[in-house]
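> Following this line is input33.cif, made up of mmCIF, C-alpha atoms (C1' of nucleotides):
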```cif
data_start
#
loop_
_atom_site.group_PDB
_atom_site.id
_atom_site.type_symbol
_atom_site.label_atom_id
_atom_site.label_comp_id
_atom_site.auth_asym_id
_atom_site.auth_seq_id
_atom_site.Cartn_x
_atom_site.Cartn_y
_atom_site.Cartn_z
ATOM 1 C CA MET H 1 8.043 10.766 -36.305
ATOM 2 C CA GLN H 2 11.710 10.518 -35.378
ATOM 3 C CA SER H 3 11.256 11.330 -31.680
ATOM 4 C CA LYS H 4 8.997 8.395 -30.985
ATOM 5 C CA ILE H 5 11.703 5.980 -32.098
ATOM 6 C CA LYS H 6 14.380 7.869 -30.229
ATOM 7 C CA LEU H 7 12.377 7.639 -27.021
ATOM 8 C CA ARG H 8 11.655 3.966 -27.456
ATOM 9 C CA ASN H 9 15.327 3.251 -28.150
ATOM 10 C CA ALA H 10 16.193 5.051 -24.958
ATOM 11 C CA GLY H 11 13.756 2.813 -23.085
ATOM 12 C CA LEU H 12 11.213 5.534 -22.433
ATOM 13 C CA ARG H 13 7.514 5.233 -23.104
ATOM 14 C CA PRO H 14 6.816 7.712 -25.887
ATOM 15 C CA THR H 15 4.044 9.772 -24.361
ATOM 16 C CA ASN H 16 2.630 12.848 -26.088
ATOM 17 C CA GLN H 17 4.428 15.147 -23.690
ATOM 18 C CA ARG H 18 7.797 13.489 -24.156
ATOM 19 C CA ILE H 19 7.405 13.608 -27.918
ATOM 20 C CA ILE H 20 6.617 17.323 -27.825
ATOM 21 C CA ILE H 21 9.738 17.967 -25.767
ATOM 22 C CA ALA H 22 11.947 15.670 -27.831
ATOM 23 C CA ASP H 23 10.754 17.374 -31.029
ATOM 24 C CA LEU H 24 11.814 20.718 -29.605
ATOM 25 C CA LEU H 25 15.126 19.583 -28.142
ATOM 26 C CA PHE H 26 16.509 17.277 -30.792
ATOM 27 C CA ASN H 27 16.024 19.350 -33.903
ATOM 28 C CA GLY H 28 19.667 19.478 -34.879
ATOM 29 C CA SER H 29 21.188 22.381 -33.032
ATOM 30 C CA ASN H 30 22.503 22.104 -29.525
ATOM 31 C CA ARG H 31 21.510 24.402 -26.750
ATOM 32 C CA HIS H 32 21.510 25.159 -23.042
ATOM 33 C CA PHE H 33 18.168 25.607 -21.358
ATOM 34 C CA THR H 34 16.304 25.605 -18.062
ATOM 35 C CA ALA H 35 13.003 23.923 -17.266
ATOM 36 C CA GLU H 36 11.232 27.286 -17.482
ATOM 37 C CA ASN H 37 12.888 28.166 -20.816
ATOM 38 C CA LEU H 38 11.623 24.924 -22.208
ATOM 39 C CA LEU H 39 8.094 25.406 -20.902
ATOM 40 C CA ASP H 40 7.981 28.820 -22.604
ATOM 41 C CA GLU H 41 9.007 27.199 -25.851
ATOM 42 C CA ILE H 42 6.416 24.490 -25.423
ATOM 43 C CA ASN H 43 3.771 27.145 -24.933
ATOM 44 C CA LEU H 44 4.978 29.121 -27.938
ATOM 45 C CA SER H 45 4.754 25.986 -30.036
ATOM 46 C CA GLY H 46 1.052 25.863 -29.197
ATOM 47 C CA ASN H 47 1.270 23.039 -26.692
ATOM 48 C CA LYS H 48 0.475 22.964 -22.998
ATOM 49 C CA MET H 49 2.070 21.087 -20.199
ATOM 50 C CA SER H 50 2.482 21.181 -16.440
ATOM 51 C CA ILE H 51 5.844 22.425 -15.193
ATOM 52 C CA ALA H 52 6.033 19.244 -13.097
ATOM 53 C CA THR H 53 5.896 17.235 -16.306
ATOM 54 C CA VAL H 54 8.751 19.244 -17.746
ATOM 55 C CA TYR H 55 10.829 18.485 -14.665
ATOM 56 C CA ASN H 56 9.868 14.795 -14.726
ATOM 57 C CA CYS H 57 10.713 14.567 -18.367
ATOM 58 C CA LEU H 58 14.084 16.289 -18.072
ATOM 59 C CA LYS H 59 15.015 14.013 -15.200
ATOM 60 C CA LYS H 60 14.172 10.941 -17.294
ATOM 61 C CA PHE H 61 15.982 12.276 -20.348
ATOM 62 C CA LYS H 62 19.003 12.896 -18.187
ATOM 63 C CA ASN H 63 18.903 9.424 -16.633
ATOM 64 C CA VAL H 64 18.855 7.690 -19.996
ATOM 65 C CA GLY H 65 21.580 9.935 -21.400
ATOM 66 C CA LEU H 66 19.577 12.007 -23.865
ATOM 67 C CA ILE H 67 20.632 15.266 -22.225
ATOM 68 C CA ASN H 68 23.170 16.463 -19.694
ATOM 69 C CA GLN H 69 22.817 18.669 -16.681
ATOM 70 C CA VAL H 70 25.649 21.164 -16.638
ATOM 71 C CA GLU H 71 27.786 21.482 -13.536
ATOM 72 C CA SER H 72 27.772 25.059 -12.361
ATOM 73 C CA VAL H 73 26.854 27.199 -9.405
ATOM 74 C CA ASN H 74 23.531 28.537 -10.460
ATOM 75 C CA ASP H 75 20.210 29.000 -8.747
ATOM 76 C CA THR H 76 18.606 27.213 -11.685
ATOM 77 C CA ALA H 77 19.400 23.846 -13.254
ATOM 78 C CA ILE H 78 20.804 24.171 -16.760
ATOM 79 C CA PHE H 79 20.517 21.335 -19.231
ATOM 80 C CA ASP H 80 22.443 20.710 -22.414
ATOM 81 C CA THR H 81 21.510 18.740 -25.518
ATOM 82 C CA ASN H 82 25.153 18.536 -26.582
ATOM 83 C CA MET H 83 26.231 15.045 -25.523
ATOM 84 C CA ASP H 84 29.686 15.257 -27.092
ATOM 85 C CA PHE H 85 32.577 15.506 -24.705
ATOM 86 C CA HIS H 86 32.971 19.243 -24.296
ATOM 87 C CA HIS H 87 33.329 21.980 -21.709
ATOM 88 C CA HIS H 88 32.006 25.419 -20.834
ATOM 89 C CA PHE H 89 32.760 29.043 -20.346
ATOM 90 C CA LEU H 90 30.662 30.432 -17.502
ATOM 91 C CA ASP H 91 30.034 34.163 -17.368
ATOM 92 C CA GLU H 92 30.231 34.749 -13.624
ATOM 93 C CA GLU H 93 28.076 37.832 -13.750
ATOM 94 C CA THR H 94 25.194 36.604 -15.897
ATOM 95 C CA GLY H 95 25.427 32.830 -15.354
ATOM 96 C CA GLU H 96 25.460 32.339 -19.113
ATOM 97 C CA LEU H 97 27.167 29.224 -20.453
ATOM 98 C CA THR H 98 28.965 28.836 -23.775
ATOM 99 C CA ASP H 99 30.447 25.691 -25.246
ATOM 100 C CA ILE H 100 34.171 25.232 -25.530
ATOM 101 C CA LYS H 101 35.001 23.005 -28.461
ATOM 102 C CA ASN H 102 36.783 19.889 -27.351
ATOM 103 C CA ASN H 103 39.894 20.533 -29.446
ATOM 104 C CA GLU H 104 40.297 23.942 -27.811
ATOM 105 C CA ILE H 105 41.241 22.418 -24.504
ATOM 106 C CA HIS H 106 43.502 19.589 -23.538
ATOM 107 C CA LEU H 107 43.525 17.752 -20.258
ATOM 108 C CA LEU H 108 46.756 15.900 -19.705
ATOM 109 C CA LYS H 109 47.079 13.461 -16.814
ATOM 110 C CA LEU H 110 43.884 12.592 -14.997
ATOM 111 C CA PRO H 111 44.133 11.908 -11.276
ATOM 112 C CA GLU H 112 43.746 8.420 -9.900
ATOM 113 C CA ILE H 113 40.069 7.717 -9.212
ATOM 114 C CA PRO H 114 39.448 6.741 -5.558
ATOM 115 C CA LYS H 115 39.271 2.986 -4.853
ATOM 116 C CA GLY H 116 35.828 1.498 -5.387
ATOM 117 C CA TYR H 117 34.764 4.281 -7.712
ATOM 118 C CA ILE H 118 34.667 4.835 -11.435
ATOM 119 C CA ASN H 119 34.945 8.035 -13.385
ATOM 120 C CA SER H 120 31.538 9.015 -14.675
ATOM 121 C CA GLY H 121 32.372 12.288 -16.393
ATOM 122 C CA VAL H 122 34.672 15.274 -16.456
ATOM 123 C CA ASP H 123 33.462 18.869 -16.464
ATOM 124 C CA ILE H 124 35.799 21.763 -17.010
ATOM 125 C CA ILE H 125 34.360 25.178 -16.310
ATOM 126 C CA ILE H 126 36.310 28.263 -17.269
ATOM 127 C CA LYS H 127 34.868 31.217 -15.449
ATOM 128 C CA ILE H 128 35.049 34.491 -17.285
ATOM 129 C CA LYS H 129 34.029 38.072 -16.657
ATOM 130 C CA LYS H 130 33.914 41.314 -18.605
ATOM 131 C CA ASN H 131 37.288 43.076 -18.536
ATOM 132 C CA ASN H 132 36.553 46.677 -17.729
ATOM 133 C CA MET A 1 43.008 37.248 18.122
ATOM 134 C CA GLN A 2 44.190 36.281 14.630
ATOM 135 C CA SER A 3 40.772 36.468 12.944
ATOM 136 C CA LYS A 4 40.226 40.113 13.746
ATOM 137 C CA ILE A 5 43.358 41.071 11.832
ATOM 138 C CA LYS A 6 42.530 38.748 8.985
ATOM 139 C CA LEU A 7 39.118 40.356 8.599
ATOM 140 C CA ARG A 8 40.507 43.857 8.745
ATOM 141 C CA ASN A 9 43.118 43.022 6.141
ATOM 142 C CA ALA A 10 40.380 41.737 3.911
ATOM 143 C CA GLY A 11 38.578 45.052 4.308
ATOM 144 C CA LEU A 12 35.760 43.654 6.428
ATOM 145 C CA ARG A 13 34.547 45.138 9.659
ATOM 146 C CA PRO A 14 35.438 42.566 12.314
ATOM 147 C CA THR A 15 32.086 42.033 13.986
ATOM 148 C CA ASN A 16 31.552 39.410 16.672
ATOM 149 C CA GLN A 17 29.706 37.172 14.265
ATOM 150 C CA ARG A 18 32.393 37.340 11.604
ATOM 151 C CA ILE A 19 35.065 36.598 14.155
ATOM 152 C CA ILE A 20 33.186 33.548 15.414
ATOM 153 C CA ILE A 21 32.887 32.235 11.861
ATOM 154 C CA ALA A 22 36.479 33.074 10.914
ATOM 155 C CA ASP A 23 37.720 31.308 14.056
ATOM 156 C CA LEU A 24 35.869 28.173 13.005
ATOM 157 C CA LEU A 25 36.815 28.286 9.321
ATOM 158 C CA PHE A 26 40.437 29.337 9.395
ATOM 159 C CA ASN A 27 41.830 27.015 12.008
ATOM 160 C CA GLY A 28 44.370 25.347 9.779
ATOM 161 C CA SER A 29 42.579 22.534 8.005
ATOM 162 C CA ASN A 30 40.600 23.011 4.837
ATOM 163 C CA ARG A 31 37.074 21.890 4.405
ATOM 164 C CA HIS A 32 33.899 21.929 2.353
ATOM 165 C CA PHE A 33 30.766 23.108 4.073
ATOM 166 C CA THR A 34 27.273 24.480 3.570
ATOM 167 C CA ALA A 35 25.614 27.381 5.370
ATOM 168 C CA GLU A 36 23.623 24.937 7.503
ATOM 169 C CA ASN A 37 26.713 22.850 8.349
ATOM 170 C CA LEU A 38 28.403 25.974 9.565
ATOM 171 C CA LEU A 39 25.435 27.106 11.652
ATOM 172 C CA ASP A 40 25.408 23.702 13.373
ATOM 173 C CA GLU A 41 29.065 24.143 14.191
ATOM 174 C CA ILE A 42 28.474 27.634 15.475
ATOM 175 C CA ASN A 43 25.759 26.305 17.753
ATOM 176 C CA LEU A 44 27.961 23.446 18.939
ATOM 177 C CA SER A 45 30.681 25.945 19.797
ATOM 178 C CA GLY A 46 28.229 27.583 22.191
ATOM 179 C CA ASN A 47 27.464 30.568 19.993
ATOM 180 C CA LYS A 48 24.219 31.679 18.430
ATOM 181 C CA MET A 49 23.544 33.383 15.147
ATOM 182 C CA SER A 50 20.795 33.929 12.631
ATOM 183 C CA ILE A 51 21.012 31.819 9.480
ATOM 184 C CA ALA A 52 20.698 35.071 7.517
ATOM 185 C CA THR A 53 23.895 36.273 9.149
ATOM 186 C CA VAL A 54 25.664 33.088 8.136
ATOM 187 C CA TYR A 55 24.592 33.639 4.525
ATOM 188 C CA ASN A 56 25.559 37.324 4.618
ATOM 189 C CA CYS A 57 28.909 36.492 6.079
ATOM 190 C CA LEU A 58 29.702 33.738 3.586
ATOM 191 C CA LYS A 59 28.797 36.037 0.725
ATOM 192 C CA LYS A 60 31.156 38.717 2.057
ATOM 193 C CA PHE A 61 33.938 36.216 2.697
ATOM 194 C CA LYS A 62 33.531 34.963 -0.834
ATOM 195 C CA ASN A 63 33.586 38.471 -2.334
ATOM 196 C CA VAL A 64 36.851 39.376 -0.618
ATOM 197 C CA GLY A 65 38.455 36.052 -1.510
ATOM 198 C CA LEU A 66 38.584 34.415 1.896
ATOM 199 C CA ILE A 67 36.588 31.410 0.711
ATOM 200 C CA ASN A 68 35.426 29.898 -2.570
ATOM 201 C CA GLN A 69 32.065 28.628 -3.648
ATOM 202 C CA VAL A 70 32.496 25.322 -5.420
ATOM 203 C CA GLU A 71 31.035 24.845 -8.883
ATOM 204 C CA SER A 72 28.805 21.799 -8.877
ATOM 205 C CA VAL A 73 25.239 20.781 -9.501
ATOM 206 C CA ASN A 74 23.931 20.609 -6.012
ATOM 207 C CA ASP A 75 20.740 21.701 -4.358
ATOM 208 C CA THR A 76 22.880 23.398 -1.722
ATOM 209 C CA ALA A 77 25.731 25.881 -2.045
ATOM 210 C CA ILE A 78 29.059 24.366 -0.991
ATOM 211 C CA PHE A 79 31.908 26.543 0.161
ATOM 212 C CA ASP A 80 35.580 25.739 0.416
ATOM 213 C CA THR A 81 38.266 27.244 2.618
ATOM 214 C CA ASN A 82 40.988 25.878 0.350
ATOM 215 C CA MET A 83 42.011 28.840 -1.776
ATOM 216 C CA ASP A 84 44.886 27.042 -3.515
ATOM 217 C CA PHE A 85 44.363 26.218 -7.165
ATOM 218 C CA HIS A 86 42.842 22.763 -6.993
ATOM 219 C CA HIS A 87 39.962 20.674 -8.269
ATOM 220 C CA HIS A 88 37.325 18.230 -7.088
ATOM 221 C CA PHE A 89 35.955 14.763 -7.280
ATOM 222 C CA LEU A 90 32.163 14.851 -7.063
ATOM 223 C CA ASP A 91 30.328 11.728 -5.942
ATOM 224 C CA GLU A 92 27.298 11.866 -8.206
ATOM 225 C CA GLU A 93 25.138 9.859 -5.829
ATOM 226 C CA THR A 94 25.863 11.617 -2.554
ATOM 227 C CA GLY A 95 26.968 15.036 -3.791
ATOM 228 C CA GLU A 96 30.105 14.744 -1.678
ATOM 229 C CA LEU A 97 33.173 16.664 -2.819
ATOM 230 C CA THR A 98 36.809 15.682 -2.322
ATOM 231 C CA ASP A 99 39.870 17.676 -3.219
ATOM 232 C CA ILE A 100 42.119 16.647 -6.056
ATOM 233 C CA LYS A 101 45.675 17.743 -5.381
ATOM 234 C CA ASN A 102 46.863 20.131 -8.045
ATOM 235 C CA ASN A 103 49.816 17.971 -9.086
ATOM 236 C CA GLU A 104 47.472 15.054 -9.733
ATOM 237 C CA ILE A 105 45.942 16.753 -12.716
ATOM 238 C CA HIS A 106 47.364 18.687 -15.587
ATOM 239 C CA LEU A 107 45.519 20.978 -17.935
ATOM 240 C CA LEU A 108 47.415 21.582 -21.140
ATOM 241 C CA LYS A 109 46.240 24.203 -23.593
ATOM 242 C CA LEU A 110 43.545 26.529 -22.397
ATOM 243 C CA PRO A 111 41.015 27.775 -24.923
ATOM 244 C CA GLU A 112 41.041 31.335 -26.128
ATOM 245 C CA ILE A 113 38.954 33.503 -23.822
ATOM 246 C CA PRO A 114 36.144 35.319 -25.678
ATOM 247 C CA LYS A 115 36.923 38.924 -26.701
ATOM 248 C CA GLY A 116 36.199 41.474 -24.017
ATOM 249 C CA TYR A 117 36.419 38.899 -21.248
ATOM 250 C CA ILE A 118 39.076 37.725 -18.851
ATOM 251 C CA ASN A 119 39.534 34.345 -17.278
ATOM 252 C CA SER A 120 38.475 34.488 -13.645
ATOM 253 C CA GLY A 121 39.009 30.881 -12.650
ATOM 254 C CA VAL A 122 39.088 27.291 -13.793
ATOM 255 C CA ASP A 123 37.143 24.486 -12.147
ATOM 256 C CA ILE A 124 37.632 20.871 -13.054
ATOM 257 C CA ILE A 125 35.081 18.454 -11.683
ATOM 258 C CA ILE A 126 35.630 14.741 -12.044
ATOM 259 C CA LYS A 127 32.376 12.983 -11.423
ATOM 260 C CA ILE A 128 32.660 9.583 -9.837
ATOM 261 C CA LYS A 129 30.311 6.844 -8.714
ATOM 262 C CA LYS A 130 30.540 3.539 -6.838
ATOM 263 C CA ASN A 131 31.497 0.724 -9.192
ATOM 264 C CA ASN A 132 29.103 -2.097 -8.395
ATOM 265 C "C1'" DA F 1 -11.585 -5.849 -28.547
ATOM 266 C "C1'" DA F 2 -11.952 -5.571 -23.569
ATOM 267 C "C1'" DT F 3 -9.589 -5.688 -19.273
ATOM 268 C "C1'" DT F 4 -5.849 -5.197 -16.456
ATOM 269 C "C1'" DT F 5 -1.600 -3.329 -15.030
ATOM 270 C "C1'" DA F 6 1.966 -0.210 -14.709
ATOM 271 C "C1'" DC F 7 3.514 4.082 -15.838
ATOM 272 C "C1'" DT F 8 2.595 9.090 -16.620
ATOM 273 C "C1'" DT F 9 0.501 13.543 -16.173
ATOM 274 C "C1'" DT F 10 -1.533 17.101 -13.573
ATOM 275 C "C1'" DA F 11 -2.715 21.013 -10.355
ATOM 276 C "C1'" DA F 12 -1.946 22.138 -6.149
ATOM 277 C "C1'" DA F 13 0.453 21.809 -1.917
ATOM 278 C "C1'" DA F 14 4.782 21.189 0.234
ATOM 279 C "C1'" DT F 15 9.624 21.717 0.782
ATOM 280 C "C1'" DA F 16 14.351 23.508 0.741
ATOM 281 C "C1'" DG F 17 17.571 26.880 0.186
ATOM 282 C "C1'" DT F 18 18.273 31.511 0.042
ATOM 283 C "C1'" DT F 19 17.226 36.499 0.038
ATOM 284 C "C1'" DC F 20 14.647 40.461 1.616
ATOM 285 C "C1'" DT F 21 12.706 43.702 5.060
ATOM 286 C "C1'" DA F 22 12.905 46.959 8.361
ATOM 287 C "C1'" DA F 23 13.842 47.677 13.056
ATOM 288 C "C1'" DA F 24 17.414 47.253 16.575
ATOM 289 C "C1'" DC F 25 22.201 47.166 17.248
ATOM 290 C "C1'" DT F 26 27.288 47.963 16.980
ATOM 291 C "C1'" DA F 27 31.755 49.511 15.117
ATOM 292 C "C1'" DC F 28 33.986 53.270 13.684
ATOM 293 C "C1'" DT F 29 34.496 58.420 12.812
ATOM 294 C "C1'" DT F 30 34.052 62.990 14.183
ATOM 295 C "C1'" DA X 1 29.841 61.870 23.420
ATOM 296 C "C1'" DA X 2 27.227 62.034 19.292
ATOM 297 C "C1'" DG X 3 26.577 60.867 14.655
ATOM 298 C "C1'" DT X 4 26.660 57.777 10.723
ATOM 299 C "C1'" DA X 5 27.245 53.884 8.155
ATOM 300 C "C1'" DG X 6 27.419 49.196 8.163
ATOM 301 C "C1'" DT X 7 25.580 44.815 10.447
ATOM 302 C "C1'" DT X 8 22.509 41.613 12.650
ATOM 303 C "C1'" DT X 9 18.121 39.656 13.354
ATOM 304 C "C1'" DA X 10 13.543 37.194 13.153
ATOM 305 C "C1'" DG X 11 10.390 36.481 10.289
ATOM 306 C "C1'" DA X 12 8.302 37.004 5.895
ATOM 307 C "C1'" DA X 13 8.922 36.338 1.122
ATOM 308 C "C1'" DC X 14 10.643 34.179 -2.780
ATOM 309 C "C1'" DT X 15 12.343 30.757 -6.239
ATOM 310 C "C1'" DA X 16 13.269 26.426 -7.950
ATOM 311 C "C1'" DT X 17 12.054 21.940 -7.458
ATOM 312 C "C1'" DT X 18 9.654 17.816 -5.595
ATOM 313 C "C1'" DT X 19 5.726 15.490 -3.716
ATOM 314 C "C1'" DT X 20 0.953 14.051 -3.545
ATOM 315 C "C1'" DA X 21 -2.789 11.661 -4.970
ATOM 316 C "C1'" DA X 22 -6.233 11.418 -8.295
ATOM 317 C "C1'" DA X 23 -7.192 11.021 -13.208
ATOM 318 C "C1'" DG X 24 -5.400 9.652 -17.583
ATOM 319 C "C1'" DT X 25 -2.878 6.801 -21.011
ATOM 320 C "C1'" DA X 26 0.192 3.214 -23.124
ATOM 321 C "C1'" DA X 27 1.252 -1.352 -23.269
ATOM 322 C "C1'" DA X 28 0.457 -6.179 -21.920
ATOM 323 C "C1'" DT X 29 -2.800 -9.797 -21.199
ATOM 324 C "C1'" DT X 30 -6.794 -11.949 -21.901
#
```
I'd like the structure from this file rewritten - as structure tokens, please.

Amino acid sequence: MQSKIKLRNAGLRPTNQRIIIADLLFNGSNRHFTAENLLDEINLSGNKMSIATVYNCLKKFKNVGLINQVESVNDTAIFDTNMDFHHHFLDEETGELTDIKNNEIHLLKLPEIPKGYINSGVDIIIKIKKNN
Amino acid sequence: MQSKIKLRNAGLRPTNQRIIIADLLFNGSNRHFTAENLLDEINLSGNKMSIATVYNCLKKFKNVGLINQVESVNDTAIFDTNMDFHHHFLDEETGELTDIKNNEIHLLKLPEIPKGYINSGVDIIIKIKKNN
DNA sequence: AATTTACTTTAAAATAGTTCTAAACTACTT
DNA sequence: AAGTAGTTTAGAACTATTTTAAAGTAAATT
């Protein structure tokens, strides 16, 4: 079981619930998802879990750098398993996010970070809408 | 009364409540604020208003392009009176936003916008945290 | 292996931010 | 002056998320 090791390496106790979630999330392909999305998937996979556990787990995964929370105005938190440096298109009307490949965008000249602070990430969001 | 004209030009009926809010927001200096922040200010200025009105008003102001809603993971919606093209530092710990002047940052090469869509805005968020 | 300790899960309640409802009100048009 | 369409309001409703506190489980200690 790959996930157990992954969790331990990340410094997280590999509980049954975390293993179930890790198995679903880290199966190769990247994706965006909400806590509710994930719970549905958990249920479909024949497992059960409290929504509070899903939230707890996602918070932990985020803290140890297994997933990202995407910056965007949205009523619902969206998480991302893609930990590569990359950015997003945001459909303003639907709230849907799509990855922008990193070589598709180029940020020249970063601003000076305020004194006493360090840069902890850059998010570029390109808002789009249907043209009609 | 400047605000009345501004509202009319934007195609909004200049009601008392909208004028009170416009007077507070468009007084020269730009700022970030939440609906609750603004209500506090309204109260301090000796006026009264329902929080629902504040939300309605901000939504309208946003729709007609008088203010922006800032993209950022935050439990609370943050609005911005600065309509110039510009970006933000986001303090990850406090959620506080600060403007980045537009000449401090330079985005070279934008990705191709998906077919059938148009670009409706670009937000760059540089996350920062205290270095200690 | 048994016991202890610290961390985790859970259902349910609580909270926070925002939107909805429907009645009263107000700006604008006729 | 009367009509109508848009606006405001208090309060209820709603949604996403967090908290609570008791029960459960993994790991550490004996």
> Could you list, as number ranges by chain, every residue within 12 Å of range 4-15 of chain X, counting only C-alpha atoms (C1' of nucleotides) and ignoring same-chain residues fewer than 5 positions away?
H: 36, 75-76; A: 12-18, 48-57, 60; F: 15-30
> Selection in question (the file shown): the PyMOL selection byres ((chain H and resi 119) around 12). Which residues does it include, as a PyMOL selection string?
(chain H and resi 110-118+120-123) or (chain A and resi 89-92+125-131)
> Just so the selection is clear, what residues does the PyMOL selection byres ((chain A and resi 33) around 12) cover here, as a PyMOL selection string?
chain A and resi 24-25+30-32+34-41+54+58+67-70+76-82+95-98
> If chain A is fitted onto chain H by least squares over all C-alpha atoms, taken pair by pair in sequence order, what do its new coordinates look like as a compact mmCIF listing (two decimals) with C-alpha atoms, in the coordinates of the input?

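selection-v3.txt, freshly written:
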```
# COMPACT_ATOMS: atom_id res chain seq x y z
CA MET A 1 7.99 10.81 -36.37
CA GLN A 2 11.68 10.58 -35.42
CA SER A 3 11.22 11.38 -31.72
CA LYS A 4 8.97 8.44 -31.03
CA ILE A 5 11.67 6.02 -32.15
CA LYS A 6 14.35 7.90 -30.28
CA LEU A 7 12.35 7.66 -27.07
CA ARG A 8 11.63 3.99 -27.53
CA ASN A 9 15.28 3.26 -28.20
CA ALA A 10 16.14 5.04 -25.00
CA GLY A 11 13.70 2.79 -23.16
CA LEU A 12 11.15 5.53 -22.50
CA ARG A 13 7.47 5.26 -23.17
CA PRO A 14 6.79 7.75 -25.95
CA THR A 15 4.01 9.82 -24.43
CA ASN A 16 2.62 12.91 -26.14
CA GLN A 17 4.41 15.18 -23.72
CA ARG A 18 7.77 13.51 -24.21
CA ILE A 19 7.38 13.65 -27.95
CA ILE A 20 6.60 17.37 -27.85
CA ILE A 21 9.72 17.99 -25.78
CA ALA A 22 11.94 15.69 -27.85
CA ASP A 23 10.75 17.42 -31.03
CA LEU A 24 11.82 20.76 -29.60
CA LEU A 25 15.14 19.60 -28.13
CA PHE A 26 16.49 17.29 -30.79
CA ASN A 27 16.00 19.37 -33.89
CA GLY A 28 19.64 19.49 -34.89
CA SER A 29 21.18 22.38 -33.01
CA ASN A 30 22.50 22.09 -29.49
CA ARG A 31 21.50 24.36 -26.71
CA HIS A 32 21.51 25.14 -23.01
CA PHE A 33 18.16 25.58 -21.35
CA THR A 34 16.30 25.57 -18.05
CA ALA A 35 12.99 23.91 -17.24
CA GLU A 36 11.23 27.28 -17.44
CA ASN A 37 12.89 28.16 -20.77
CA LEU A 38 11.62 24.92 -22.18
CA LEU A 39 8.08 25.42 -20.87
CA ASP A 40 7.99 28.84 -22.56
CA GLU A 41 9.00 27.21 -25.80
CA ILE A 42 6.40 24.52 -25.40
CA ASN A 43 3.76 27.18 -24.90
CA LEU A 44 5.00 29.16 -27.90
CA SER A 45 4.75 26.03 -30.02
CA GLY A 46 1.04 25.93 -29.20
CA ASN A 47 1.27 23.10 -26.70
CA LYS A 48 0.46 23.02 -23.02
CA MET A 49 2.06 21.11 -20.20
CA SER A 50 2.46 21.18 -16.46
CA ILE A 51 5.82 22.41 -15.18
CA ALA A 52 5.99 19.21 -13.12
CA THR A 53 5.86 17.22 -16.34
CA VAL A 54 8.72 19.24 -17.76
CA TYR A 55 10.81 18.46 -14.68
CA ASN A 56 9.85 14.78 -14.74
CA CYS A 57 10.68 14.54 -18.39
CA LEU A 58 14.05 16.26 -18.09
CA LYS A 59 14.99 13.98 -15.22
CA LYS A 60 14.12 10.91 -17.31
CA PHE A 61 15.94 12.25 -20.37
CA LYS A 62 18.96 12.86 -18.21
CA ASN A 63 18.86 9.38 -16.66
CA VAL A 64 18.81 7.65 -20.04
CA GLY A 65 21.54 9.89 -21.43
CA LEU A 66 19.55 11.97 -23.88
CA ILE A 67 20.60 15.22 -22.23
CA ASN A 68 23.15 16.40 -19.68
CA GLN A 69 22.80 18.62 -16.68
CA VAL A 70 25.63 21.12 -16.63
CA GLU A 71 27.79 21.44 -13.53
CA SER A 72 27.81 25.05 -12.41
CA VAL A 73 26.90 27.20 -9.47
CA ASN A 74 23.58 28.51 -10.55
CA ASP A 75 20.29 29.05 -8.82
CA THR A 76 18.66 27.20 -11.70
CA ALA A 77 19.41 23.81 -13.24
CA ILE A 78 20.81 24.13 -16.76
CA PHE A 79 20.51 21.29 -19.23
CA ASP A 80 22.44 20.68 -22.41
CA THR A 81 21.50 18.72 -25.50
CA ASN A 82 25.14 18.50 -26.56
CA MET A 83 26.21 15.02 -25.50
CA ASP A 84 29.67 15.23 -27.08
CA PHE A 85 32.58 15.48 -24.67
CA HIS A 86 32.97 19.22 -24.28
CA HIS A 87 33.31 21.96 -21.70
CA HIS A 88 31.98 25.40 -20.84
CA PHE A 89 32.74 29.02 -20.35
CA LEU A 90 30.65 30.42 -17.51
CA ASP A 91 30.02 34.15 -17.37
CA GLU A 92 30.23 34.74 -13.64
CA GLU A 93 28.04 37.83 -13.76
CA THR A 94 25.19 36.59 -15.91
CA GLY A 95 25.43 32.84 -15.35
CA GLU A 96 25.45 32.32 -19.11
CA LEU A 97 27.16 29.20 -20.44
CA THR A 98 28.94 28.81 -23.77
CA ASP A 99 30.43 25.67 -25.23
CA ILE A 100 34.15 25.21 -25.51
CA LYS A 101 34.99 23.00 -28.46
CA ASN A 102 36.78 19.88 -27.33
CA ASN A 103 39.87 20.53 -29.45
CA GLU A 104 40.29 23.93 -27.83
CA ILE A 105 41.23 22.41 -24.53
CA HIS A 106 43.47 19.57 -23.54
CA LEU A 107 43.54 17.75 -20.25
CA LEU A 108 46.76 15.87 -19.71
CA LYS A 109 47.12 13.47 -16.81
CA LEU A 110 43.98 12.61 -14.95
CA PRO A 111 44.23 11.96 -11.23
CA GLU A 112 43.86 8.50 -9.82
CA ILE A 113 40.21 7.76 -9.12
CA PRO A 114 39.59 6.83 -5.46
CA LYS A 115 39.43 3.07 -4.74
CA GLY A 116 36.02 1.55 -5.25
CA TYR A 117 34.92 4.32 -7.58
CA ILE A 118 34.81 4.84 -11.31
CA ASN A 119 35.06 8.03 -13.28
CA SER A 120 31.64 8.99 -14.58
CA GLY A 121 32.47 12.24 -16.31
CA VAL A 122 34.74 15.25 -16.42
CA ASP A 123 33.52 18.84 -16.44
CA ILE A 124 35.82 21.75 -17.01
CA ILE A 125 34.38 25.17 -16.32
CA ILE A 126 36.32 28.26 -17.28
CA LYS A 127 34.87 31.20 -15.47
CA ILE A 128 35.03 34.47 -17.31
CA LYS A 129 34.00 38.06 -16.70
CA LYS A 130 33.88 41.32 -18.65
CA ASN A 131 37.25 43.06 -18.57
CA ASN A 132 36.48 46.67 -17.75
```
> Report the distance between CA of Ser29 in chain A and CA of His86 in chain A in Å, rounded to one decimal place.
15.0 Å
> Once the PyMOL selection byres ((chain F) within 12 of (chain H)) has been evaluated on this model, what residues remain selected, and can you format them as number ranges by chain?
F: 6-12, 17-19
